[in-house]
>>> print(open('structure.cif').read())   # mmCIF, C-alpha atoms
data_upload
#
loop_
_atom_site.group_PDB
_atom_site.id
_atom_site.type_symbol
_atom_site.label_atom_id
_atom_site.label_comp_id
_atom_site.auth_asym_id
_atom_site.auth_seq_id
_atom_site.Cartn_x
_atom_site.Cartn_y
_atom_site.Cartn_z
ATOM 1 C CA MET A 7 15.042 -5.838 -15.500
ATOM 2 C CA PHE A 8 13.572 -5.308 -12.038
ATOM 3 C CA PRO A 9 14.920 -7.203 -8.980
ATOM 4 C CA LEU A 10 12.897 -10.400 -8.513
ATOM 5 C CA ASN A 11 12.308 -10.356 -4.760
ATOM 6 C CA VAL A 12 9.233 -11.224 -2.684
ATOM 7 C CA PRO A 13 7.924 -7.623 -2.269
ATOM 8 C CA ASN A 14 8.167 -6.964 -6.020
ATOM 9 C CA VAL A 15 6.429 -10.259 -6.844
ATOM 10 C CA LEU A 16 3.600 -9.323 -4.456
ATOM 11 C CA THR A 17 3.313 -5.900 -6.115
ATOM 12 C CA LEU A 18 3.084 -7.543 -9.554
ATOM 13 C CA LEU A 19 0.507 -9.992 -8.194
ATOM 14 C CA ARG A 20 -1.615 -7.063 -7.016
ATOM 15 C CA ILE A 21 -1.500 -5.520 -10.496
ATOM 16 C CA LEU A 22 -2.446 -8.861 -12.091
ATOM 17 C CA LEU A 23 -5.387 -9.190 -9.695
ATOM 18 C CA VAL A 24 -6.920 -5.918 -10.965
ATOM 19 C CA PRO A 25 -8.442 -7.362 -14.194
ATOM 20 C CA VAL A 26 -9.509 -10.476 -12.245
ATOM 21 C CA LEU A 27 -11.359 -8.211 -9.799
ATOM 22 C CA VAL A 28 -13.101 -6.318 -12.617
ATOM 23 C CA VAL A 29 -14.207 -9.539 -14.345
ATOM 24 C CA ALA A 30 -15.462 -10.973 -11.035
ATOM 25 C CA LEU A 31 -17.448 -7.802 -10.310
ATOM 26 C CA LEU A 32 -19.002 -7.757 -13.764
ATOM 27 C CA SER A 33 -19.781 -11.462 -13.663
ATOM 28 C CA ALA A 34 -23.482 -12.362 -13.581
ATOM 29 C CA THR A 35 -22.857 -15.579 -11.617
ATOM 30 C CA PRO A 36 -24.555 -15.925 -8.210
ATOM 31 C CA ASN A 37 -21.212 -15.973 -6.363
ATOM 32 C CA GLY A 38 -19.703 -13.060 -8.302
ATOM 33 C CA SER A 39 -19.716 -10.649 -5.333
ATOM 34 C CA ALA A 40 -18.139 -13.211 -2.989
ATOM 35 C CA LEU A 41 -15.397 -13.988 -5.531
ATOM 36 C CA ALA A 42 -14.761 -10.279 -6.160
ATOM 37 C CA ALA A 43 -14.592 -9.623 -2.402
ATOM 38 C CA ALA A 44 -12.066 -12.455 -1.999
ATOM 39 C CA VAL A 45 -9.920 -11.125 -4.858
ATOM 40 C CA PHE A 46 -10.024 -7.576 -3.483
ATOM 41 C CA ALA A 47 -9.177 -8.791 0.032
ATOM 42 C CA LEU A 48 -6.226 -10.808 -1.302
ATOM 43 C CA ALA A 49 -4.939 -7.799 -3.250
ATOM 44 C CA ALA A 50 -5.304 -5.580 -0.159
ATOM 45 C CA VAL A 51 -3.339 -8.089 1.944
ATOM 46 C CA THR A 52 -0.471 -8.091 -0.573
ATOM 47 C CA ASP A 53 -0.362 -4.290 -0.236
ATOM 48 C CA GLY A 54 0.456 -4.403 3.467
ATOM 49 C CA LEU A 55 2.586 -7.516 3.165
ATOM 50 C CA ASP A 56 4.972 -6.319 0.455
ATOM 51 C CA GLY A 57 5.807 -3.133 2.372
ATOM 52 C CA TYR A 58 6.344 -5.030 5.631
ATOM 53 C CA ILE A 59 8.631 -7.604 4.007
ATOM 54 C CA ALA A 60 10.611 -4.934 2.127
ATOM 55 C CA ARG A 61 11.222 -2.941 5.325
ATOM 56 C CA SER A 62 11.960 -5.924 7.579
ATOM 57 C CA ARG A 63 14.429 -7.434 5.104
ATOM 58 C CA LYS A 64 15.790 -4.041 4.050
ATOM 59 C CA ASP A 65 14.984 -5.135 0.515
ATOM 60 C CA ILE A 66 13.592 -1.826 -0.774
ATOM 61 C CA THR A 67 14.094 -1.297 -4.522
ATOM 62 C CA THR A 68 13.426 1.549 -6.941
ATOM 63 C CA PHE A 69 10.941 -0.683 -8.749
ATOM 64 C CA GLY A 70 9.053 -1.227 -5.505
ATOM 65 C CA LYS A 71 9.024 2.460 -4.620
ATOM 66 C CA VAL A 72 7.564 3.343 -8.023
ATOM 67 C CA MET A 73 5.239 0.420 -8.670
ATOM 68 C CA ASP A 74 3.801 -0.154 -5.197
ATOM 69 C CA PRO A 75 1.775 3.099 -5.082
ATOM 70 C CA ILE A 76 0.796 2.655 -8.754
ATOM 71 C CA ALA A 77 -0.529 -0.842 -7.978
ATOM 72 C CA ASP A 78 -2.528 0.555 -5.031
ATOM 73 C CA LYS A 79 -4.101 3.278 -7.152
ATOM 74 C CA LEU A 80 -4.917 0.841 -9.978
ATOM 75 C CA LEU A 81 -6.686 -1.464 -7.539
ATOM 76 C CA ILE A 82 -8.746 1.273 -5.857
ATOM 77 C CA ALA A 83 -9.568 3.082 -9.122
ATOM 78 C CA ALA A 84 -10.548 -0.122 -10.965
ATOM 79 C CA ALA A 85 -12.795 -1.230 -8.102
ATOM 80 C CA LEU A 86 -14.509 2.154 -7.798
ATOM 81 C CA ILE A 87 -15.012 2.689 -11.538
ATOM 82 C CA THR A 88 -16.493 -0.798 -11.915
ATOM 83 C CA LEU A 89 -18.773 -0.274 -8.895
ATOM 84 C CA VAL A 90 -19.940 3.042 -10.395
ATOM 85 C CA SER A 91 -20.785 1.268 -13.665
ATOM 86 C CA LEU A 92 -22.831 -1.224 -11.622
ATOM 87 C CA HIS A 93 -24.635 1.656 -9.824
ATOM 88 C CA ARG A 94 -23.311 0.448 -6.477
ATOM 89 C CA VAL A 95 -21.204 3.568 -5.781
ATOM 90 C CA ALA A 96 -22.082 7.183 -6.569
ATOM 91 C CA ALA A 97 -19.921 8.672 -9.320
ATOM 92 C CA TRP A 98 -18.949 11.699 -7.189
ATOM 93 C CA VAL A 99 -17.608 9.405 -4.442
ATOM 94 C CA ALA A 100 -15.325 7.640 -6.906
ATOM 95 C CA MET A 101 -14.271 10.959 -8.433
ATOM 96 C CA VAL A 102 -13.280 12.463 -5.056
ATOM 97 C CA ILE A 103 -11.260 9.420 -4.007
ATOM 98 C CA ILE A 104 -9.496 8.936 -7.356
ATOM 99 C CA ALA A 105 -8.786 12.669 -7.775
ATOM 100 C CA ARG A 106 -7.203 12.791 -4.318
ATOM 101 C CA GLU A 107 -4.960 9.820 -5.122
ATOM 102 C CA PHE A 108 -3.629 11.381 -8.321
ATOM 103 C CA ALA A 109 -3.301 14.849 -6.752
ATOM 104 C CA VAL A 110 -1.151 13.498 -3.913
ATOM 105 C CA SER A 111 0.937 11.476 -6.389
ATOM 106 C CA GLY A 112 1.590 14.664 -8.371
ATOM 107 C CA LEU A 113 2.454 16.431 -5.136
ATOM 108 C CA ARG A 114 5.016 13.789 -4.234
ATOM 109 C CA VAL A 115 6.635 14.108 -7.682
ATOM 110 C CA ALA A 116 6.776 17.912 -7.355
ATOM 111 C CA ALA A 117 8.259 17.612 -3.874
ATOM 112 C CA GLY A 118 10.826 15.062 -5.045
ATOM 113 C CA GLN A 119 11.997 17.397 -7.805
ATOM 114 C CA GLN A 120 12.759 19.976 -5.120
ATOM 115 C CA GLY A 121 14.586 17.470 -2.941
ATOM 116 C CA VAL A 122 11.765 17.217 -0.418
ATOM 117 C CA VAL A 123 10.446 13.838 0.759
ATOM 118 C CA ILE A 124 6.884 13.664 2.068
ATOM 119 C CA PRO A 125 6.525 10.485 4.136
ATOM 120 C CA ALA A 126 3.251 8.641 4.609
ATOM 121 C CA SER A 127 1.311 10.272 7.428
ATOM 122 C CA PRO A 128 -0.923 8.548 10.009
ATOM 123 C CA LEU A 129 -3.898 10.149 8.231
ATOM 124 C CA GLY A 130 -2.708 8.690 4.932
ATOM 125 C CA LYS A 131 -2.527 5.224 6.477
ATOM 126 C CA LEU A 132 -5.978 5.672 8.017
ATOM 127 C CA LYS A 133 -7.235 6.725 4.569
ATOM 128 C CA THR A 134 -5.959 3.485 3.052
ATOM 129 C CA VAL A 135 -7.582 1.367 5.769
ATOM 130 C CA THR A 136 -10.967 3.105 5.476
ATOM 131 C CA GLN A 137 -10.933 2.940 1.662
ATOM 132 C CA VAL A 138 -10.140 -0.776 1.634
ATOM 133 C CA ALA A 139 -12.737 -1.511 4.341
ATOM 134 C CA ALA A 140 -15.426 0.547 2.583
ATOM 135 C CA ILE A 141 -14.838 -0.890 -0.899
ATOM 136 C CA LEU A 142 -14.643 -4.432 0.489
ATOM 137 C CA ALA A 143 -17.936 -3.876 2.339
ATOM 138 C CA VAL A 144 -19.671 -2.560 -0.792
ATOM 139 C CA ILE A 145 -18.386 -5.481 -2.867
ATOM 140 C CA ALA A 146 -19.196 -8.143 -0.272
ATOM 141 C CA THR A 147 -22.762 -6.996 0.431
ATOM 142 C CA GLY A 148 -23.709 -6.861 -3.241
ATOM 143 C CA ASP A 149 -26.512 -4.527 -2.164
ATOM 144 C CA PRO A 150 -26.347 -0.801 -2.999
ATOM 145 C CA ALA A 151 -28.937 -0.159 -0.257
ATOM 146 C CA ALA A 152 -26.823 -1.615 2.584
ATOM 147 C CA TRP A 153 -26.728 1.429 4.881
ATOM 148 C CA TRP A 154 -23.682 0.381 6.908
ATOM 149 C CA ALA A 155 -21.554 -0.167 3.797
ATOM 150 C CA GLU A 156 -22.699 3.189 2.407
ATOM 151 C CA ALA A 157 -21.935 4.897 5.740
ATOM 152 C CA LEU A 158 -18.458 3.356 5.743
ATOM 153 C CA LEU A 159 -17.948 4.651 2.211
ATOM 154 C CA TYR A 160 -18.850 8.209 3.261
ATOM 155 C CA VAL A 161 -16.485 7.976 6.235
ATOM 156 C CA SER A 162 -13.798 6.931 3.758
ATOM 157 C CA VAL A 163 -14.544 9.998 1.595
ATOM 158 C CA VAL A 164 -14.196 12.336 4.590
ATOM 159 C CA VAL A 165 -10.892 10.756 5.686
ATOM 160 C CA THR A 166 -9.673 10.846 2.065
ATOM 161 C CA VAL A 167 -10.361 14.600 1.748
ATOM 162 C CA VAL A 168 -8.867 15.426 5.166
ATOM 163 C CA SER A 169 -5.721 13.374 4.515
ATOM 164 C CA GLY A 170 -5.335 15.032 1.102
ATOM 165 C CA ALA A 171 -5.527 18.482 2.686
ATOM 166 C CA ASP A 172 -2.983 17.361 5.290
ATOM 167 C CA TYR A 173 -0.557 16.293 2.555
ATOM 168 C CA PHE A 174 -0.855 19.669 0.813
ATOM 169 C CA LEU A 175 -0.279 21.592 4.072
ATOM 170 C CA ASN A 176 2.656 19.328 4.906
ATOM 171 C CA PHE A 177 4.069 19.892 1.413
ATOM 172 C CA ARG A 178 3.896 23.666 1.816
ATOM 173 C CA ARG A 179 5.531 23.524 5.246
ATOM 174 C CA ARG A 180 8.368 21.285 4.063
ATOM 175 C CA ILE A 181 9.024 23.450 0.996
ATOM 176 C CA GLU A 182 9.248 26.545 3.231
ATOM 177 C CA GLU A 183 11.591 24.698 5.613
ATOM 178 C CA ALA A 184 13.796 23.612 2.698
ATOM 179 C CA ARG A 185 13.868 27.192 1.366
ATOM 180 C CA GLU A 186 14.804 28.620 4.780
ATOM 181 C CA LYS A 187 17.510 25.984 5.197
ATOM 182 C CA LEU A 188 18.951 26.878 1.794
ATOM 183 C CA ILE A 189 18.952 30.597 2.682
ATOM 184 C CA HIS A 190 20.704 29.916 6.011
ATOM 185 C CA GLU A 191 23.308 27.703 4.349
ATOM 186 C CA THR A 192 23.953 30.354 1.666
ATOM 187 C CA LEU A 193 24.358 33.114 4.281
ATOM 188 C CA ALA A 194 26.668 30.911 6.348
ATOM 189 C CA ARG A 195 28.852 30.252 3.296
ATOM 190 C CA GLU A 196 28.982 33.980 2.516
ATOM 191 C CA ARG A 197 29.992 34.757 6.101
ATOM 192 C CA ARG A 198 32.733 32.139 6.031
ATOM 193 C CA ARG A 199 33.979 33.534 2.724
ATOM 194 C CA GLY A 200 33.977 37.054 4.155
ATOM 195 C CA ALA A 201 35.851 35.931 7.271
ATOM 196 C CA ALA A 202 38.438 34.069 5.198
ATOM 197 C CA SER A 203 39.053 37.048 2.897
ATOM 198 C CA GLY A 204 39.261 39.453 5.832
#
>>> encode(input="structure.cif", output="structure tokens")
Amino acid sequence: MFPLNVPNVLTLLRILLVPVLVVALLSATPNGSALAAAVFALAAVTDGLDGYIARSRKDITTFGKVMDPIADKLLIAAALITLVSLHRVAAWVAMVIIAREFAVSGLRVAAGQQGVVIPASPLGKLKTVTQVAAILAVIATGDPAAWWAEALLYVSVVVTVVSGADYFLNFRRRIEEAREKLIHETLARERRRGAASG
């Protein structure tokens, strides 16, 4: 059973809003885009809010650490896939963004198995902001030809790719640092052993 605190409830709410968002997007009602935009905006707000509350109250749980990024990826992926099906977002745009999200998640798991923690970078945070802004713009306009929403989406793709590359470079650097630290610690132990035996 997961701890029932405010951040975890907000994370669960974000997950529950995913099917609501998809239904609202696929709805043929005149206000479908406005409703979908409101649902997506609410889900995006819970994303920032749950992390802030967890940190400020020092109420960080394992459930939150695992489920928060999963909820984020579900929301972004569901929105993009649905928008692709509605011909409001190019398939390659969705593919690039979703592939980056899963690649970085795999990277974090690989790093964690080697005892290396890769924190969220400023580029990663900028990526989240641009993705949310771009998807919200595309949903709210309801017009695939809205140039400013499309431009924002392409900016989001560029930031997504750059931040992904930054994570991979950061991963490589941290792995090398961890390896060098291990080598130094091993040599230091050997020297101490040699000094003690001598």
>>> atom_distance(input="structure.cif", atom1="atom CA of Thr166 of chain A", atom2="atom CA of Gly38 of chain A")
27.9 Å
>>> atom_distance(input="structure.cif", atom1="atom CA of Ile145 of chain A", atom2="atom CA of Val99 of chain A")
15.0 Å
>>> residues_around(input="structure.cif", residues="segment 128-136 of chain A", least_positions_apart="5", cutoff="7 Å", atoms="all atoms listed in the file", output="mmCIF file with C-alpha atoms, in the frame of the given file")
data_model
loop_
_atom_site.group_PDB
_atom_site.id
_atom_site.type_symbol
_atom_site.label_atom_id
_atom_site.label_comp_id
_atom_site.auth_asym_id
_atom_site.auth_seq_id
_atom_site.Cartn_x
_atom_site.Cartn_y
_atom_site.Cartn_z
ATOM 1 C CA SER A 162 -13.798 6.931 3.758
ATOM 2 C CA VAL A 165 -10.892 10.756 5.686
ATOM 3 C CA THR A 166 -9.673 10.846 2.065
ATOM 4 C CA SER A 169 -5.721 13.374 4.515
#
>>> atom_distance(input="structure.cif", atom1="atom CA of Val102 of chain A", atom2="atom CA of Ile141 of chain A")
14.1 Å
>>> closest_residue(input="structure.cif", among="A:Tyr58, A:Trp153, A:Phe46, A:Tyr160", to="Ala96 of chain A", atoms="all atoms listed in the file")
A:Tyr160
>>> residues_around(input="structure.cif", residues="segment 20-22 of chain A", least_positions_apart="3", cutoff="9 Å", atoms="all atoms listed in the file", output="VMD selection string")
chain A and resid 15 to 17 25 to 26 48 to 50 52 to 53 74 76 to 78 80 to 81
>>> closest_residue(input="structure.cif", among="A:Ala44, A:Ala139, A:Val167, A:Val110", to="Trp154 of chain A", atoms="only C-alpha atoms")
A:Ala139
>>> closest_residue(input="structure.cif", among="A:Val95, A:Arg195, A:Ile66, A:Ala184", to="Glu156 of chain A", atoms="only C-alpha atoms")
A:Val95
>>> closest_residue(input="structure.cif", among="A:Leu18, A:Ile103, A:Val138, A:Val12", to="Ala47 of chain A", atoms="only C-alpha atoms")
A:Val138
>>> closest_residue(input="structure.cif", among="A:Leu193, A:Val72, A:Leu10, A:Val45", to="Val28 of chain A", atoms="all atoms listed in the file")
A:Val45
>>> closest_residue(input="structure.cif", among="A:Val164, A:His93, A:Ala100, A:Ala43", to="Ala151 of chain A", atoms="all atoms listed in the file")
A:His93
>>> build_atoms(input="structure.cif", residues="segment 164-196 of chain A", atoms="N, CA and C atoms", output="PDB file, keeping the file's coordinate frame")
ATOM      1  N   VAL A 164     -14.606  11.260   3.676  1.00  0.00           N
ATOM      2  CA  VAL A 164     -14.196  12.336   4.590  1.00  0.00           C
ATOM      3  C   VAL A 164     -12.719  12.202   4.957  1.00  0.00           C
ATOM      4  N   VAL A 165     -12.298  10.989   5.322  1.00  0.00           N
ATOM      5  CA  VAL A 165     -10.892  10.756   5.686  1.00  0.00           C
ATOM      6  C   VAL A 165      -9.982  11.010   4.485  1.00  0.00           C
ATOM      7  N   THR A 166     -10.445  10.635   3.299  1.00  0.00           N
ATOM      8  CA  THR A 166      -9.673  10.846   2.065  1.00  0.00           C
ATOM      9  C   THR A 166      -9.423  12.335   1.828  1.00  0.00           C
ATOM     10  N   VAL A 167     -10.480  13.149   1.968  1.00  0.00           N
ATOM     11  CA  VAL A 167     -10.361  14.600   1.748  1.00  0.00           C
ATOM     12  C   VAL A 167      -9.464  15.234   2.808  1.00  0.00           C
ATOM     13  N   VAL A 168      -9.663  14.854   4.072  1.00  0.00           N
ATOM     14  CA  VAL A 168      -8.867  15.426   5.166  1.00  0.00           C
ATOM     15  C   VAL A 168      -7.396  15.059   5.013  1.00  0.00           C
ATOM     16  N   SER A 169      -7.122  13.796   4.676  1.00  0.00           N
ATOM     17  CA  SER A 169      -5.721  13.374   4.515  1.00  0.00           C
ATOM     18  C   SER A 169      -5.071  14.069   3.320  1.00  0.00           C
ATOM     19  N   GLY A 170      -5.862  14.303   2.260  1.00  0.00           N
ATOM     20  CA  GLY A 170      -5.335  15.032   1.102  1.00  0.00           C
ATOM     21  C   GLY A 170      -4.957  16.453   1.462  1.00  0.00           C
ATOM     22  N   ALA A 171      -5.823  17.119   2.233  1.00  0.00           N
ATOM     23  CA  ALA A 171      -5.527  18.482   2.686  1.00  0.00           C
ATOM     24  C   ALA A 171      -4.286  18.493   3.571  1.00  0.00           C
ATOM     25  N   ASP A 172      -4.153  17.468   4.406  1.00  0.00           N
ATOM     26  CA  ASP A 172      -2.983  17.361   5.290  1.00  0.00           C
ATOM     27  C   ASP A 172      -1.697  17.230   4.485  1.00  0.00           C
ATOM     28  N   TYR A 173      -1.733  16.450   3.403  1.00  0.00           N
ATOM     29  CA  TYR A 173      -0.557  16.293   2.555  1.00  0.00           C
ATOM     30  C   TYR A 173      -0.156  17.627   1.914  1.00  0.00           C
ATOM     31  N   PHE A 174      -1.154  18.390   1.451  1.00  0.00           N
ATOM     32  CA  PHE A 174      -0.855  19.669   0.813  1.00  0.00           C
ATOM     33  C   PHE A 174      -0.269  20.667   1.812  1.00  0.00           C
ATOM     34  N   LEU A 175      -0.813  20.693   3.035  1.00  0.00           N
ATOM     35  CA  LEU A 175      -0.279  21.592   4.072  1.00  0.00           C
ATOM     36  C   LEU A 175       1.128  21.169   4.467  1.00  0.00           C
ATOM     37  N   ASN A 176       1.342  19.858   4.566  1.00  0.00           N
ATOM     38  CA  ASN A 176       2.656  19.328   4.906  1.00  0.00           C
ATOM     39  C   ASN A 176       3.664  19.653   3.814  1.00  0.00           C
ATOM     40  N   PHE A 177       3.214  19.554   2.554  1.00  0.00           N
ATOM     41  CA  PHE A 177       4.069  19.892   1.413  1.00  0.00           C
ATOM     42  C   PHE A 177       4.512  21.343   1.484  1.00  0.00           C
ATOM     43  N   ARG A 178       3.571  22.243   1.741  1.00  0.00           N
ATOM     44  CA  ARG A 178       3.896  23.666   1.816  1.00  0.00           C
ATOM     45  C   ARG A 178       4.884  23.941   2.948  1.00  0.00           C
ATOM     46  N   ARG A 179       4.646  23.308   4.109  1.00  0.00           N
ATOM     47  CA  ARG A 179       5.531  23.524   5.246  1.00  0.00           C
ATOM     48  C   ARG A 179       6.948  23.027   4.958  1.00  0.00           C
ATOM     49  N   ARG A 180       7.044  21.848   4.343  1.00  0.00           N
ATOM     50  CA  ARG A 180       8.368  21.285   4.063  1.00  0.00           C
ATOM     51  C   ARG A 180       9.117  22.086   2.996  1.00  0.00           C
ATOM     52  N   ILE A 181       8.386  22.610   2.013  1.00  0.00           N
ATOM     53  CA  ILE A 181       9.024  23.450   0.996  1.00  0.00           C
ATOM     54  C   ILE A 181       9.573  24.723   1.639  1.00  0.00           C
ATOM     55  N   GLU A 182       8.788  25.337   2.539  1.00  0.00           N
ATOM     56  CA  GLU A 182       9.248  26.545   3.231  1.00  0.00           C
ATOM     57  C   GLU A 182      10.461  26.245   4.104  1.00  0.00           C
ATOM     58  N   GLU A 183      10.445  25.089   4.777  1.00  0.00           N
ATOM     59  CA  GLU A 183      11.591  24.698   5.613  1.00  0.00           C
ATOM     60  C   GLU A 183      12.835  24.488   4.759  1.00  0.00           C
ATOM     61  N   ALA A 184      12.666  23.851   3.593  1.00  0.00           N
ATOM     62  CA  ALA A 184      13.796  23.612   2.698  1.00  0.00           C
ATOM     63  C   ALA A 184      14.348  24.929   2.160  1.00  0.00           C
ATOM     64  N   ARG A 185      13.445  25.888   1.867  1.00  0.00           N
ATOM     65  CA  ARG A 185      13.868  27.192   1.366  1.00  0.00           C
ATOM     66  C   ARG A 185      14.642  27.963   2.440  1.00  0.00           C
ATOM     67  N   GLU A 186      14.127  27.930   3.676  1.00  0.00           N
ATOM     68  CA  GLU A 186      14.804  28.620   4.780  1.00  0.00           C
ATOM     69  C   GLU A 186      16.173  27.996   5.054  1.00  0.00           C
ATOM     70  N   LYS A 187      16.238  26.674   4.982  1.00  0.00           N
ATOM     71  CA  LYS A 187      17.510  25.984   5.197  1.00  0.00           C
ATOM     72  C   LYS A 187      18.524  26.385   4.136  1.00  0.00           C
ATOM     73  N   LEU A 188      18.073  26.476   2.889  1.00  0.00           N
ATOM     74  CA  LEU A 188      18.951  26.878   1.794  1.00  0.00           C
ATOM     75  C   LEU A 188      19.459  28.305   1.999  1.00  0.00           C
ATOM     76  N   ILE A 189      18.565  29.201   2.433  1.00  0.00           N
ATOM     77  CA  ILE A 189      18.952  30.597   2.682  1.00  0.00           C
ATOM     78  C   ILE A 189      19.996  30.668   3.796  1.00  0.00           C
ATOM     79  N   HIS A 190      19.756  29.921   4.889  1.00  0.00           N
ATOM     80  CA  HIS A 190      20.704  29.916   6.011  1.00  0.00           C
ATOM     81  C   HIS A 190      22.063  29.370   5.593  1.00  0.00           C
ATOM     82  N   GLU A 191      22.041  28.295   4.802  1.00  0.00           N
ATOM     83  CA  GLU A 191      23.308  27.703   4.349  1.00  0.00           C
ATOM     84  C   GLU A 191      24.058  28.669   3.429  1.00  0.00           C
ATOM     85  N   THR A 192      23.331  29.380   2.568  1.00  0.00           N
ATOM     86  CA  THR A 192      23.953  30.354   1.666  1.00  0.00           C
ATOM     87  C   THR A 192      24.571  31.504   2.455  1.00  0.00           C
ATOM     88  N   LEU A 193      23.843  32.020   3.446  1.00  0.00           N
ATOM     89  CA  LEU A 193      24.358  33.114   4.281  1.00  0.00           C
ATOM     90  C   LEU A 193      25.578  32.673   5.077  1.00  0.00           C
ATOM     91  N   ALA A 194      25.538  31.427   5.568  1.00  0.00           N
ATOM     92  CA  ALA A 194      26.668  30.911   6.348  1.00  0.00           C
ATOM     93  C   ALA A 194      27.905  30.802   5.475  1.00  0.00           C
ATOM     94  N   ARG A 195      27.719  30.350   4.223  1.00  0.00           N
ATOM     95  CA  ARG A 195      28.852  30.252   3.296  1.00  0.00           C
ATOM     96  C   ARG A 195      29.427  31.626   2.997  1.00  0.00           C
ATOM     97  N   GLU A 196      28.530  32.610   2.808  1.00  0.00           N
ATOM     98  CA  GLU A 196      28.982  33.980   2.516  1.00  0.00           C
ATOM     99  C   GLU A 196      29.775  34.556   3.690  1.00  0.00           C
TER     100      GLU A 196
END
